[in-house]
file upload_18.txt (compact mmCIF, C-alpha atoms and all ligand atoms)
# COMPACT_ATOMS: atom_id res chain seq x y z
CA MET A 1 -15.18 21.94 -26.28
CA THR A 2 -14.66 18.45 -27.59
CA VAL A 3 -12.88 16.02 -25.37
CA GLY A 4 -11.57 12.54 -26.00
CA SER A 5 -14.07 9.76 -25.63
CA GLY A 6 -13.69 7.07 -22.99
CA SER A 7 -12.07 3.80 -23.87
CA ARG A 8 -13.60 0.52 -22.87
CA CYS A 9 -11.94 -1.60 -20.24
CA VAL A 10 -10.93 -4.93 -21.72
CA SER A 11 -11.75 -6.87 -18.60
CA SER A 12 -14.94 -5.24 -17.38
CA GLY A 13 -16.31 -3.80 -20.59
CA ARG A 14 -16.94 -0.58 -18.74
CA VAL A 15 -16.18 2.69 -20.36
CA LEU A 16 -13.14 4.27 -18.84
CA PHE A 17 -12.04 7.78 -18.53
CA GLY A 18 -10.09 8.59 -21.63
CA PRO A 19 -7.19 10.97 -22.01
CA PRO A 20 -7.59 14.35 -20.36
CA ALA A 21 -8.96 17.24 -22.35
CA PRO A 22 -6.30 18.60 -24.70
CA SER A 23 -5.62 21.59 -22.52
CA LEU A 24 -4.92 19.30 -19.59
CA ARG A 25 -2.82 16.64 -21.18
CA ARG A 26 0.10 17.91 -19.23
CA PRO A 27 -1.35 19.67 -16.22
CA PRO A 28 0.84 22.34 -14.70
CA LEU A 29 2.96 21.07 -11.85
CA ARG A 30 3.75 23.20 -8.87
CA ALA A 31 7.18 24.72 -8.69
CA PRO A 32 9.81 23.44 -8.22
CA LEU A 33 9.04 21.63 -11.43
CA PHE A 34 11.94 19.29 -11.98
CA LEU A 35 13.31 18.04 -8.76
CA PHE A 36 14.43 14.90 -10.44
CA PRO A 37 15.91 14.03 -13.80
CA VAL A 38 12.60 13.00 -15.32
CA PRO A 39 12.08 13.00 -19.07
CA ARG A 40 9.05 15.07 -20.04
CA ILE A 41 5.86 13.65 -21.43
CA SER A 42 5.15 14.42 -25.03
CA PRO A 43 1.76 16.15 -25.03
CA ALA A 44 1.03 15.09 -28.57
CA ARG A 45 1.18 11.34 -28.18
CA ASP A 46 -1.96 9.31 -27.64
CA TRP A 47 -1.33 6.62 -25.13
CA THR A 48 -2.36 3.16 -26.14
CA PRO A 49 -3.05 0.98 -23.13
CA ARG A 50 -0.82 -2.06 -23.30
CA VAL A 51 -0.64 -3.83 -20.05
CA PHE A 52 -2.74 -3.76 -16.82
CA CYS A 53 -6.26 -2.77 -15.49
CA CYS A 54 -7.27 -2.02 -11.98
CA CYS A 55 -10.58 -0.64 -13.05
CA SER A 56 -12.68 -3.78 -13.34
CA ASP A 57 -13.95 -3.18 -9.87
CA GLY A 58 -13.56 0.54 -9.99
CA PRO A 59 -15.17 3.09 -7.77
CA ARG A 60 -18.38 3.57 -9.71
CA LYS A 61 -20.63 1.42 -7.59
CA GLY A 62 -21.94 1.88 -4.13
CA GLY A 63 -24.42 4.26 -2.67
CA ALA A 64 -22.63 5.65 0.33
CA LYS A 65 -21.88 9.30 0.13
CA ALA A 66 -18.89 10.96 1.66
CA ARG A 67 -19.27 13.68 4.23
CA TRP A 68 -16.75 16.41 4.65
CA GLY A 69 -15.69 17.71 7.97
CA PHE A 70 -15.91 14.20 9.38
CA ASP A 71 -14.17 13.85 12.69
CA SER A 72 -12.03 10.83 12.10
CA SER A 73 -10.32 10.92 15.45
CA SER A 74 -12.97 8.71 16.96
CA VAL A 75 -12.54 6.12 14.26
CA LEU A 76 -8.87 5.99 13.52
CA GLY A 77 -6.51 4.87 16.14
CA GLY A 78 -3.64 2.51 15.63
CA GLY A 79 -5.19 -0.15 13.46
CA GLY A 80 -8.65 1.07 14.20
CA GLN A 81 -8.54 0.97 17.99
CA GLY A 82 -10.73 3.65 19.38
CA SER A 83 -13.51 2.92 16.92
CA SER A 84 -16.90 2.46 18.33
CA GLU A 85 -18.65 -0.70 17.27
CA GLU A 86 -21.16 1.18 15.15
CA ASP A 87 -18.50 3.00 13.14
CA PHE A 88 -17.80 1.55 9.76
CA LEU A 89 -14.27 1.05 8.56
CA VAL A 90 -12.62 0.35 5.27
CA VAL A 91 -9.86 -2.19 5.77
CA SER A 92 -7.19 -3.15 3.28
CA PHE A 93 -4.33 -5.61 3.32
CA TYR A 94 -2.36 -7.76 0.96
CA LYS A 95 0.41 -10.25 1.22
CA PHE A 96 2.41 -12.28 -1.23
CA VAL A 97 2.79 -15.69 0.31
CA PHE A 98 2.49 -19.20 -1.10
CA ILE A 99 -0.96 -20.64 -0.54
CA GLN A 100 -0.99 -24.30 -1.38
CA ASP A 101 -4.72 -24.73 -1.70
CA PRO A 102 -6.30 -21.35 -2.43
CA GLU A 103 -9.78 -22.78 -2.97
CA ALA A 104 -9.72 -24.31 0.52
CA GLU A 105 -8.45 -20.99 1.84
CA VAL A 106 -11.39 -19.20 0.24
CA SER A 107 -13.83 -21.66 1.84
CA LYS A 108 -12.24 -21.10 5.22
CA HIS A 109 -12.71 -17.35 4.84
CA HIS A 110 -16.30 -17.80 3.73
CA SER A 111 -16.99 -19.86 6.84
CA PHE A 112 -15.47 -17.25 9.10
CA LEU A 113 -17.38 -14.43 7.47
CA GLN A 114 -20.74 -16.11 8.07
CA GLY A 115 -22.53 -13.75 10.40
CA HIS A 116 -20.06 -10.92 9.80
CA ASP A 117 -21.22 -7.89 7.87
CA ILE A 118 -18.37 -7.52 5.37
CA ARG A 119 -18.54 -6.17 1.82
CA GLY A 120 -15.71 -5.64 -0.61
CA ARG A 121 -13.18 -7.48 -2.74
CA ILE A 122 -11.13 -10.28 -1.25
CA TYR A 123 -9.05 -12.24 -3.70
CA VAL A 124 -6.93 -15.28 -2.99
CA ASN A 125 -4.63 -17.40 -5.14
CA GLU A 126 -1.36 -19.32 -4.96
CA GLN A 127 0.54 -16.04 -4.66
CA GLY A 128 -1.31 -14.70 -1.65
CA ILE A 129 -4.21 -12.46 -0.74
CA ASN A 130 -5.42 -8.97 -1.65
CA ALA A 131 -8.37 -7.46 0.22
CA GLN A 132 -10.26 -4.21 0.48
CA TYR A 133 -13.53 -4.29 2.35
CA SER A 134 -15.85 -2.32 4.57
CA GLY A 135 -17.88 -3.27 7.60
CA PRO A 136 -18.83 -2.23 11.11
CA ALA A 137 -15.57 -1.78 13.03
CA LYS A 138 -16.24 -4.86 15.13
CA ASP A 139 -16.66 -7.15 12.14
CA ALA A 140 -14.05 -5.47 9.97
CA LEU A 141 -11.35 -5.78 12.61
CA ALA A 142 -12.40 -9.24 13.74
CA TYR A 143 -11.74 -10.58 10.24
CA ALA A 144 -8.27 -9.03 10.09
CA GLU A 145 -7.46 -10.35 13.57
CA TRP A 146 -8.66 -13.80 12.62
CA LEU A 147 -6.41 -13.75 9.56
CA LYS A 148 -3.40 -12.73 11.62
CA GLU A 149 -3.80 -15.76 13.85
CA ASP A 150 -2.53 -17.75 10.87
CA HIS A 151 1.29 -17.65 10.99
CA ARG A 152 1.48 -17.00 7.25
CA PHE A 153 -0.29 -13.71 7.76
CA SER A 154 0.79 -12.77 11.27
CA ASP A 155 2.91 -9.84 10.07
CA ILE A 156 0.45 -8.53 7.49
CA LEU A 157 0.01 -4.75 7.43
CA VAL A 158 -3.66 -4.03 8.07
CA GLN A 159 -4.71 -0.51 7.10
CA THR A 160 -7.95 1.13 8.16
CA SER A 161 -9.82 4.31 7.36
CA PRO A 162 -13.33 5.48 8.22
CA SER A 163 -16.21 4.52 5.96
CA PHE A 164 -18.83 7.23 5.94
CA ASP A 165 -22.50 6.38 6.08
CA GLY A 166 -22.07 2.65 6.20
CA HIS A 167 -20.48 0.40 3.63
CA SER A 168 -18.14 1.68 0.94
CA PHE A 169 -18.61 -1.40 -1.24
CA PRO A 170 -21.86 -2.72 -2.71
CA HIS A 171 -21.33 -6.43 -1.99
CA LEU A 172 -18.85 -9.08 -1.00
CA LYS A 173 -16.70 -10.73 -3.64
CA LEU A 174 -14.56 -13.33 -1.94
CA ARG A 175 -13.07 -15.75 -4.40
CA TYR A 176 -10.11 -17.32 -6.11
CA LYS A 177 -8.74 -14.95 -8.72
CA PRO A 178 -5.92 -15.84 -11.10
CA SER A 179 -4.42 -12.35 -10.77
CA LEU A 180 -4.47 -10.53 -7.44
CA VAL A 181 -4.14 -7.32 -9.45
CA GLN A 182 -5.23 -7.06 -13.07
CA LEU A 183 -2.32 -7.03 -15.43
CA GLU A 184 -2.39 -7.85 -19.09
CA GLY A 185 -0.75 -11.22 -19.52
CA GLY A 186 -1.40 -12.04 -15.86
CA ILE A 187 1.01 -11.90 -12.95
CA ALA A 188 1.26 -15.62 -12.19
CA HIS A 189 4.67 -15.80 -13.89
CA LEU A 190 6.13 -12.93 -11.84
CA PRO A 191 8.41 -13.78 -8.90
CA LEU A 192 6.19 -11.95 -6.43
CA LEU A 193 7.02 -14.31 -3.58
CA ASP A 194 10.70 -13.40 -3.63
CA PRO A 195 11.30 -10.25 -1.59
CA MET A 196 14.74 -9.90 -3.12
CA VAL A 197 13.21 -9.32 -6.53
CA ARG A 198 10.63 -6.82 -5.30
CA ALA A 199 11.59 -3.23 -4.56
CA THR A 200 13.22 -2.54 -1.20
CA PRO A 201 10.49 -1.26 1.12
CA LEU A 202 11.14 2.06 2.83
CA SER A 203 9.22 2.91 5.97
CA PRO A 204 7.13 6.09 5.74
CA TYR A 205 9.77 7.81 7.89
CA GLU A 206 12.62 6.73 5.62
CA TRP A 207 10.59 7.78 2.59
CA ARG A 208 9.95 11.22 4.03
CA LYS A 209 13.63 11.69 4.83
CA ARG A 210 14.55 10.74 1.26
CA LEU A 211 12.05 13.13 -0.27
CA GLN A 212 13.02 15.95 2.02
CA ALA A 213 16.70 15.40 1.24
CA MET A 214 15.89 15.57 -2.46
CA THR A 215 13.81 18.70 -2.04
CA GLY A 216 16.52 20.26 0.11
CA ALA A 217 19.12 19.51 -2.51
CA TYR A 218 17.00 21.23 -5.09
CA VAL A 219 16.58 24.32 -2.96
CA LEU A 220 20.29 24.51 -2.27
CA SER A 221 21.54 23.89 -5.78
CA GLY A 222 18.64 25.22 -7.78
CA LYS A 223 19.37 22.59 -10.36
CA ALA A 224 17.67 19.32 -10.95
CA ASP A 225 20.85 17.45 -11.77
CA ARG A 226 22.76 18.19 -8.59
CA LEU A 227 21.16 15.93 -6.09
CA VAL A 228 22.06 14.46 -2.76
CA SER A 229 25.38 12.59 -2.74
CA ASN A 230 25.51 12.87 -6.50
CA ARG A 231 22.94 10.14 -6.72
CA LYS A 232 20.10 10.47 -9.14
CA PHE A 233 16.57 9.89 -7.99
CA LEU A 234 13.37 9.40 -9.82
CA LEU A 235 10.04 9.60 -8.07
CA LEU A 236 7.62 7.31 -9.86
CA ASP A 237 3.87 7.52 -9.31
CA VAL A 238 2.69 3.98 -10.11
CA ARG A 239 -0.99 4.85 -10.27
CA ASN A 240 -3.39 6.27 -12.83
CA GLY A 241 -3.45 9.82 -14.13
CA TYR A 242 -6.82 10.54 -12.51
CA GLU A 243 -5.45 9.49 -9.12
CA TRP A 244 -2.55 11.92 -9.52
CA ASP A 245 -5.09 14.64 -10.37
CA VAL A 246 -6.51 14.73 -6.84
CA GLY A 247 -3.23 14.31 -4.99
CA HIS A 248 0.41 13.26 -5.33
CA PHE A 249 3.90 13.68 -3.89
CA GLN A 250 5.52 16.93 -4.78
CA GLY A 251 7.73 16.42 -7.80
CA ALA A 252 6.01 13.27 -9.10
CA GLN A 253 5.14 13.33 -12.76
CA ARG A 254 1.55 12.69 -13.79
CA PRO A 255 1.31 9.06 -15.00
CA ASN A 256 0.28 9.01 -18.61
CA VAL A 257 -2.11 6.10 -18.10
CA ASP A 258 -5.77 5.93 -17.23
CA CYS A 259 -5.63 2.35 -16.10
CA PHE A 260 -2.88 0.66 -14.08
CA ARG A 261 -3.25 -2.33 -16.38
CA SER A 262 -1.77 -0.10 -19.08
CA THR A 263 1.30 0.81 -17.09
CA SER A 264 4.43 0.18 -19.08
CA PHE A 265 7.05 2.36 -17.46
CA GLY A 266 10.50 1.13 -18.31
CA LEU A 267 9.30 -1.12 -21.09
CA SER A 268 9.46 1.46 -23.83
CA ASP A 269 10.63 0.89 -27.30
CA GLU A 270 11.93 3.89 -29.18
CA GLU A 271 8.71 5.39 -30.40
CA VAL A 272 7.02 5.68 -27.01
CA ALA A 273 10.11 6.64 -25.06
CA SER A 274 9.05 10.26 -24.84
CA SER A 275 6.09 9.37 -22.62
CA ASP A 276 8.01 6.94 -20.43
CA PRO A 277 9.58 8.49 -17.34
CA LEU A 278 12.01 5.57 -17.15
CA ALA A 279 13.20 5.79 -20.74
CA GLY A 280 16.86 6.65 -20.89
CA VAL A 281 17.30 6.39 -17.12
CA ASP A 282 20.58 4.87 -15.96
CA LYS A 283 19.42 1.53 -14.58
CA LYS A 284 22.45 1.09 -12.33
CA GLN A 285 22.92 4.61 -11.01
CA THR A 286 19.39 5.92 -10.54
CA ASP A 287 17.35 5.28 -7.43
CA ILE A 288 13.75 4.67 -8.47
CA LEU A 289 11.35 5.62 -5.67
CA MET A 290 7.97 4.07 -6.43
CA TYR A 291 4.68 4.73 -4.71
CA CYS A 292 1.03 3.78 -5.05
CA THR A 293 -2.02 3.85 -2.77
CA GLY A 294 -1.43 0.78 -0.63
CA GLY A 295 1.79 -0.71 -1.97
CA ILE A 296 0.65 -3.71 -3.99
CA ARG A 297 0.98 -2.13 -7.41
CA CYS A 298 4.59 -1.13 -6.67
CA ASP A 299 5.46 -4.55 -5.33
CA ILE A 300 4.18 -6.16 -8.50
CA TYR A 301 5.54 -3.65 -10.93
CA SER A 302 8.96 -3.59 -9.29
CA THR A 303 9.47 -7.27 -10.17
CA ILE A 304 8.96 -6.37 -13.81
CA LEU A 305 11.41 -3.48 -13.57
CA ARG A 306 13.91 -5.71 -11.80
CA GLN A 307 13.72 -8.15 -14.69
CA ARG A 308 14.33 -5.21 -17.00
CA GLY A 309 17.60 -4.45 -15.27
CA PHE A 310 16.66 -1.63 -12.88
CA GLN A 311 18.85 -2.22 -9.86
CA ASN A 312 17.91 0.40 -7.29
CA LEU A 313 14.20 0.04 -6.68
CA TYR A 314 12.54 1.37 -3.56
CA THR A 315 8.91 1.39 -2.61
CA LEU A 316 6.90 3.21 0.00
CA SER A 317 5.89 0.47 2.42
CA GLY A 318 2.10 0.37 2.76
CA GLY A 319 1.76 3.06 0.12
CA VAL A 320 0.46 6.57 0.50
CA SER A 321 -2.25 5.60 2.97
CA ASN A 322 0.38 4.26 5.37
CA TYR A 323 2.54 7.34 4.80
CA LEU A 324 -0.24 9.83 5.52
CA LYS A 325 -1.12 7.98 8.69
CA SER A 326 2.48 7.90 9.90
CA GLU A 327 3.98 11.15 8.62
CA GLY A 328 1.02 13.32 7.72
CA PRO A 329 0.93 15.17 4.40
CA VAL A 330 4.59 16.23 4.38
CA THR A 331 5.58 16.71 0.71
CA TRP A 332 2.15 15.38 -0.24
CA LEU A 333 -0.24 17.65 -2.14
CA GLY A 334 -4.01 17.22 -2.15
CA ASN A 335 -6.11 14.18 -1.36
CA LEU A 336 -5.72 10.45 -1.80
CA PHE A 337 -7.85 8.69 -4.40
CA VAL A 338 -9.38 5.44 -3.14
CA PHE A 339 -11.08 2.64 -5.08
CA ASP A 340 -14.40 2.57 -3.29
CA SER A 341 -17.44 4.76 -3.08
CA ARG A 342 -15.59 7.41 -1.06
CA LEU A 343 -13.43 8.24 -4.12
CA SER A 344 -10.93 10.40 -2.31
CA LEU A 345 -9.91 11.21 1.25
CA PRO A 346 -8.17 14.25 2.68
CA PRO A 347 -4.89 13.53 4.54
CA SER A 348 -6.47 14.63 7.82
CA ILE A 349 -8.56 11.45 7.73
CA TYR A 350 -5.39 9.42 8.13
CA LYS A 351 -3.64 11.62 10.68
CA PRO A 352 -5.98 14.15 12.24
CA GLY A 353 -4.48 17.43 13.30
CA VAL A 354 -1.19 17.13 11.42
CA THR A 355 -0.63 19.33 8.42
CA ALA A 356 2.03 19.83 5.79
CA ASN A 357 5.06 21.66 7.20
CA GLY A 358 3.15 22.22 10.41
CA ARG A 359 0.78 24.62 8.65
CA PRO A 360 -2.85 24.08 7.83
CA GLN A 361 -3.12 22.87 4.24
CA VAL A 362 -5.55 25.33 2.75
CA LEU A 363 -7.62 24.64 -0.29
CA TYR A 364 -5.96 27.07 -2.64
CA GLU A 365 -2.64 25.39 -2.02
CA ARG A 366 -4.00 22.03 -3.07
CA SER A 367 -5.99 23.37 -5.94
CA THR A 368 -3.05 24.75 -7.87
CA PHE A 369 -2.86 21.46 -9.71
CA ALA A 370 -6.51 20.39 -9.59
CA ARG A 371 -8.32 21.84 -12.55
CA CYS A 372 -11.72 21.48 -14.12
CA TYR A 373 -11.52 18.87 -16.85
CA ILE A 374 -13.81 20.95 -19.04
CA CYS A 375 -12.77 24.58 -18.70
CA GLY A 376 -9.39 24.23 -16.98
CA SER A 377 -10.26 26.53 -14.09
CA GLN A 378 -8.81 25.84 -10.68
CA LEU A 379 -10.97 23.86 -8.32
CA PRO A 380 -11.65 24.47 -4.66
CA GLU A 381 -12.42 20.82 -4.02
CA LEU A 382 -10.68 17.65 -5.13
CA ARG A 383 -13.50 15.30 -5.91
CA HIS A 384 -14.33 13.38 -9.03
CA ARG A 385 -17.79 12.89 -10.46
CA ASN A 386 -18.97 10.40 -13.05
CA CYS A 387 -20.30 11.70 -16.36
CA ALA A 388 -24.11 11.75 -16.33
CA ASN A 389 -24.07 9.80 -19.58
CA LEU A 390 -24.18 6.20 -18.38
CA ASP A 391 -22.42 4.98 -21.49
CA CYS A 392 -19.51 7.32 -20.88
CA ASN A 393 -19.30 7.28 -17.07
CA ARG A 394 -15.96 9.09 -17.22
CA LEU A 395 -14.54 10.08 -13.84
CA PHE A 396 -13.54 13.71 -13.99
CA LEU A 397 -12.98 16.82 -11.94
CA SER A 398 -15.38 19.63 -12.76
CA CYS A 399 -16.16 23.14 -11.55
CA SER A 400 -19.72 23.92 -10.50
CA SER A 401 -20.50 26.11 -13.49
CA CYS A 402 -19.45 23.38 -15.92
CA VAL A 403 -21.54 20.87 -13.98
CA GLU A 404 -24.51 23.19 -14.42
CA GLU A 405 -23.85 24.04 -18.04
CA LEU A 406 -23.26 20.46 -19.21
CA ARG A 407 -25.80 18.96 -16.77
CA GLY A 408 -23.19 16.76 -15.12
CA CYS A 409 -21.71 15.53 -18.40
CA CYS A 410 -18.06 15.57 -19.31
CA CYS A 411 -18.57 17.11 -22.77
CA SER A 412 -21.30 18.45 -25.02
CA ASN A 413 -21.52 15.17 -26.95
CA CYS A 414 -22.51 13.34 -23.78
CA THR A 415 -25.38 15.77 -23.10
CA CYS A 416 -27.17 14.31 -26.17
CA ALA A 417 -26.63 10.67 -25.23
CA PRO A 418 -29.67 8.37 -24.89
CA ARG A 419 -29.01 7.10 -21.37
CA LEU A 420 -28.64 10.30 -19.40
CA ARG A 421 -28.88 10.43 -15.66
CA PRO A 422 -29.84 13.51 -13.63
CA VAL A 423 -27.18 15.81 -12.26
CA LEU A 424 -26.17 14.52 -8.87
CA PRO A 425 -26.17 17.09 -6.11
CA GLY A 426 -23.32 17.24 -3.63
CA HIS A 427 -21.26 14.13 -3.20
CA GLN A 428 -23.82 11.51 -4.02
CA ARG A 429 -22.94 8.59 -6.25
CA TYR A 430 -25.04 7.30 -9.11
CA GLN A 431 -27.23 4.31 -8.44
CA LYS A 432 -28.23 1.54 -10.80
CA TRP A 433 -29.48 2.68 -14.18
CA HIS A 434 -32.97 1.19 -13.83
CA ILE A 435 -33.75 3.69 -11.07
CA TYR A 436 -33.35 6.60 -13.46
CA ARG A 437 -34.87 4.74 -16.40
CA ASP A 438 -38.00 3.84 -14.45
CA VAL A 439 -38.51 7.45 -13.42
CA GLU A 440 -38.32 8.47 -17.07
CA LEU A 441 -40.80 5.76 -18.08
CA GLN A 442 -43.29 6.95 -15.47
CA LYS A 443 -43.05 10.49 -16.79
CA SER A 444 -43.68 9.46 -20.39
ZN ZN B 1 -15.21 24.22 -15.54
ZN ZN B 2 -19.09 11.83 -20.83
call {"tool": "encode", "arguments": {"input": "upload_18.txt", "output": "structure tokens", "more": "lines below"}}
Ligand SMILES: [Zn+2]
Ligand SMILES: [Zn+2]
result
Amino acid sequence: MTVGSGSRCVSSGRVLFGPPAPSLRRPPLRAPLFLFPVPRISPARDWTPRVFCCCSDGPRKGGAKARWGFDSSSVLGGGGQGSSEEDFLVVSFYKFVFIQDPEAEVSKHHSFLQGHDIRGRIYVNEQGINAQYSGPAKDALAYAEWLKEDHRFSDILVQTSPSFDGHSFPHLKLRYKPSLVQLEGGIAHLPLLDPMVRATPLSPYEWRKRLQAMTGAYVLSGKADRLVSNRKFLLLDVRNGYEWDVGHFQGAQRPNVDCFRSTSFGLSDEEVASSDPLAGVDKKQTDILMYCTGGIRCDIYSTILRQRGFQNLYTLSGGVSNYLKSEGPVTWLGNLFVFDSRLSLPPSIYKPGVTANGRPQVLYERSTFARCYICGSQLPELRHRNCANLDCNRLFLSCSSCVEELRGCCCSNCTCAPRLRPVLPGHQRYQKWHIYRDVELQKS
């Protein structure tokens, strides 16, 4: 089967995962299909990335491999309490706040981190800070605590999750960055510092109540257009299509973008309206419920939508990771994609012991939407792999027989590529190319 080739990221030059295989362009959603008045995606249209990219520091690096069956209870407490000092954590936080001298701020952070074992991405500019990093619990939490001593950051939401087998990032990048999140055209002009322009944050509890009310309304009425209090809702997944593939809120449409940079919901002109879930939506009457992994993408994107006239914007405070930790996987299906070497995490990592609807979430339930990119069969496990062809490197979900047949490649074309890497067993991640190249040279 021929599949679309990867496109190249404008910022990093890396090859990205292109559109899904034709059979998967519109993956089947679980019933009930249309909880919300969401226009359907046209399967025929090729999406041309227009705006943002979150992939420049994507999850392709790093050597740590994830382990399943990990007992996270020892690592995750509130904010990481309960971790032993040897446990590694991934910590993330962001805050939009005016920083008068971001270069001085960066130096201050560098000084503090001397002697602390921290790796990851920490970006600072006049609009605030955005950080995801890993480290031994002691160091990882000490940095967050140190930051919170500064009154500008005292209320920052610090999120933690376990990092298996050491670091989840290859090195530390702590620097001034003009855009805290990659967006074509930059984000410096956006009014990110004004909370009135950003979407109204809903706590995980409030979010769950909203979603359950919407689901309940569907069950009662059986119709998508008769919703709670006659208000219309739209659940908007502000992430990438491949993130949706491993897990999403029930009823959320698959984003038709492979790079957040390309997100252009609500900006449609006529010809692309069919692929835009916000096209034709009543900007005054519809409640737009936006979610992403940690919240920053929604906060940014909501300012754009606000400028476009959308009046009722709500965001899940702290994103899905905060929700899973607080509420468990209620109305959530599958795993959560993360931008580090772990790639995706099951909800039990965030809130051990709690399951959807009080029942254990079994694999076949999750796998009804997760399909092999190549043959379309249902998958027992929600985990991406990179194409063995270095110059493709597409992230995709694959069944074991397709992995074997195509030797870890995403399509037959890639199996003939010059820079092929061996099939990776289990959950390992590819290492630097020279490792594989040197082995080949020794053989020849
Ligand atoms: Zn397959
Ligand atoms: Zn490939």
call {"tool": "residues_near_ligand", "arguments": {"input": "upload_18.txt", "ligand": "ligand ZN 2 (chain B)", "cutoff": "8 Å", "atoms": "only C-alpha atoms and all ligand atoms", "output": "count of residues only"}}
result
17
call {"tool": "atom_distance", "arguments": {"input": "upload_18.txt", "atom1": "atom CA of A:Arg208", "atom2": "atom CA of A:Asp287"}}
result
14.9 Å
call {"tool": "closest_residue", "arguments": {"input": "upload_18.txt", "among": "A:Tyr291, A:Phe93, A:Phe396, A:Tyr430", "to": "ligand ZN 1 (chain B)", "atoms": "only C-alpha atoms and all ligand atoms"}}
result
A:Phe396
call {"tool": "closest_residue", "arguments": {"input": "upload_18.txt", "among": "A:His171, A:His434, A:Lys232, A:Arg371", "to": "ligand ZN 1 (chain B)", "atoms": "all atoms listed in the file"}}
result
A:Arg371
call {"tool": "closest_atom_pairs", "arguments": {"input": "upload_18.txt", "of": "chain A", "to": "ligand ZN 1 (chain B)", "cutoff": "7 Å", "atoms": "only C-alpha atoms and all ligand atoms", "output": "Markdown table"}}
result
| residue | atom | partner | partner_atom | distance |
| --- | --- | --- | --- | --- |
| A:Cys372 | CA | B:ZN1 | ZN | 4.7 |
| A:Tyr373 | CA | B:ZN1 | ZN | 6.6 |
| A:Ile374 | CA | B:ZN1 | ZN | 5.0 |
| A:Cys375 | CA | B:ZN1 | ZN | 4.0 |
| A:Gly376 | CA | B:ZN1 | ZN | 6.0 |
| A:Ser377 | CA | B:ZN1 | ZN | 5.7 |
| A:Ser398 | CA | B:ZN1 | ZN | 5.4 |
| A:Cys399 | CA | B:ZN1 | ZN | 4.2 |
| A:Ser400 | CA | B:ZN1 | ZN | 6.8 |
| A:Ser401 | CA | B:ZN1 | ZN | 6.0 |
| A:Cys402 | CA | B:ZN1 | ZN | 4.3 |
call {"tool": "atom_distance", "arguments": {"input": "upload_18.txt", "atom1": "atom CA of A:Asp276", "atom2": "atom CA of A:Leu235"}}
result
12.8 Å
call {"tool": "atom_distance", "arguments": {"input": "upload_18.txt", "atom1": "atom CA of A:Gly334", "atom2": "atom CA of A:Val257"}}
result
19.5 Å
call {"tool": "closest_residue", "arguments": {"input": "upload_18.txt", "among": "A:Gly241, A:Pro329, A:Gly408, A:Pro204", "to": "A:Leu316", "atoms": "all atoms listed in the file"}}
result
A:Pro204
call {"tool": "closest_residue", "arguments": {"input": "upload_18.txt", "among": "A:Leu397, A:Val181, A:Leu406, A:Ile122", "to": "A:Tyr301", "atoms": "only C-alpha atoms"}}
result
A:Val181
